[in-house]
Amino acid sequence: MKMTEEQYNQLDIAINDTIREFKDEIPLYLKKVFLSKNYQDFQKRILWDIFYKSAAIYFKNYKKDFYNIFKDLNNEHIYTGLKKVMKNCSFLDNLIKNTKESV
């Protein structure tokens, strides 16, 4: 099953809430992960890390189970949604690109 518009909207809200809350820490975290080489695909690793962090932020802000929203989706569908959020969030998109180029 593909991600619905409502699921995407909730994902977008959660990711952007997380970015707002951790805007200063995210660049440092990306650099740390990049230098660790503990990933097969840097972008995928970062997007999934942000997804998992967003679950906690979403619950704190909205008192809803973030994972339950996506229970009917497989990981590839969620990852497609994460990439779409990234492309629409210039801060995150540029940060991932710049980290790979600058380190």
# chains A, B, ... in the order shown; residues from 1 in each chain; ligands from 1
call {"tool": "residues_around", "arguments": {"residues": "Glu101 in chain A", "least_positions_apart": "4", "cutoff": "12 Å", "atoms": "only C-alpha atoms", "output": "PyMOL selection string"}}
result
chain A and resi 31+34+42+94-97
call {"tool": "select_by_dssp", "arguments": {"residues": "chain A", "states": "alpha helix (DSSP H)", "output": "ChimeraX atom specification"}}
result
/A:5-21,25-36,42-62,66-69,75-88,90-102
call {"tool": "write_last_selection", "arguments": {"atoms": "C-alpha atoms", "output": "short mmCIF file (atom, residue, chain, number, x, y, z; two decimals), in the first residue's frame"}}
result
data_model
loop_
_atom_site.label_atom_id
_atom_site.label_comp_id
_atom_site.auth_asym_id
_atom_site.auth_seq_id
_atom_site.Cartn_x
_atom_site.Cartn_y
_atom_site.Cartn_z
CA GLU A 5 -1.71 12.13 1.52
CA GLU A 6 -2.70 12.20 5.21
CA GLN A 7 0.17 9.87 6.15
CA TYR A 8 2.57 12.05 4.16
CA ASN A 9 1.25 15.19 5.86
CA GLN A 10 1.80 13.65 9.31
CA LEU A 11 5.31 12.56 8.29
CA ASP A 12 6.08 16.06 7.03
CA ILE A 13 4.80 17.64 10.25
CA ALA A 14 6.82 15.25 12.42
CA ILE A 15 10.06 15.66 10.46
CA ASN A 16 9.77 19.45 10.40
CA ASP A 17 8.97 19.57 14.14
CA THR A 18 12.12 17.53 14.77
CA ILE A 19 14.23 19.77 12.55
CA ARG A 20 12.95 22.89 14.33
CA GLU A 21 13.70 21.40 17.74
CA GLU A 25 22.37 19.61 16.68
CA ILE A 26 21.50 18.01 13.34
CA PRO A 27 24.56 19.30 11.40
CA LEU A 28 26.87 17.97 14.12
CA TYR A 29 25.10 14.62 14.13
CA LEU A 30 25.34 14.31 10.33
CA LYS A 31 29.05 15.02 10.42
CA LYS A 32 29.57 12.47 13.21
CA VAL A 33 27.67 9.77 11.30
CA PHE A 34 29.44 10.59 8.04
CA LEU A 35 32.88 10.34 9.65
CA SER A 36 31.97 7.08 11.41
CA PHE A 42 24.36 8.01 4.05
CA GLN A 43 21.11 9.67 2.97
CA LYS A 44 19.05 6.61 3.86
CA ARG A 45 20.73 6.32 7.27
CA ILE A 46 20.09 9.97 8.11
CA LEU A 47 16.48 9.94 6.96
CA TRP A 48 15.71 6.83 9.00
CA ASP A 49 17.49 8.28 12.04
CA ILE A 50 15.36 11.42 11.76
CA PHE A 51 12.24 9.28 11.29
CA TYR A 52 12.93 7.42 14.55
CA LYS A 53 13.74 10.64 16.43
CA SER A 54 10.55 12.18 15.04
CA ALA A 55 8.47 9.43 16.65
CA ALA A 56 9.44 10.67 20.10
CA ILE A 57 8.93 14.34 19.19
CA TYR A 58 5.56 13.57 17.60
CA PHE A 59 4.35 11.73 20.70
CA LYS A 60 5.58 14.56 22.94
CA ASN A 61 3.86 17.23 20.81
CA TYR A 62 0.64 15.47 19.80
CA PHE A 66 3.70 7.97 15.33
CA TYR A 67 4.43 4.39 14.23
CA ASN A 68 0.74 3.50 14.22
CA ILE A 69 0.18 6.01 11.41
CA ASN A 75 9.84 0.39 4.70
CA GLU A 76 10.23 1.29 1.02
CA HIS A 77 6.99 3.26 1.04
CA ILE A 78 8.05 5.10 4.19
CA TYR A 79 11.49 5.80 2.71
CA THR A 80 9.88 7.22 -0.43
CA GLY A 81 7.89 9.56 1.83
CA LEU A 82 11.05 10.50 3.73
CA LYS A 83 12.82 11.41 0.47
CA LYS A 84 9.86 13.56 -0.57
CA VAL A 85 9.94 15.39 2.77
CA MET A 86 13.70 15.91 2.35
CA LYS A 87 13.28 17.36 -1.15
CA ASN A 88 10.67 19.79 0.18
CA SER A 90 15.80 22.74 1.75
CA PHE A 91 17.53 22.77 5.16
CA LEU A 92 17.69 18.98 5.33
CA ASP A 93 18.31 18.41 1.62
CA ASN A 94 21.20 20.90 1.52
CA LEU A 95 22.62 19.65 4.81
CA ILE A 96 22.85 16.06 3.60
CA LYS A 97 24.43 17.13 0.30
CA ASN A 98 26.85 19.56 1.95
CA THR A 99 27.94 17.07 4.61
CA LYS A 100 28.93 14.57 1.95
CA GLU A 101 30.84 17.21 0.00
CA SER A 102 32.56 19.07 2.85
#
call {"tool": "atom_distance", "arguments": {"atom1": "CA of Asp72 in chain A", "atom2": "CA of Met1 in chain A"}}
result
7.0 Å
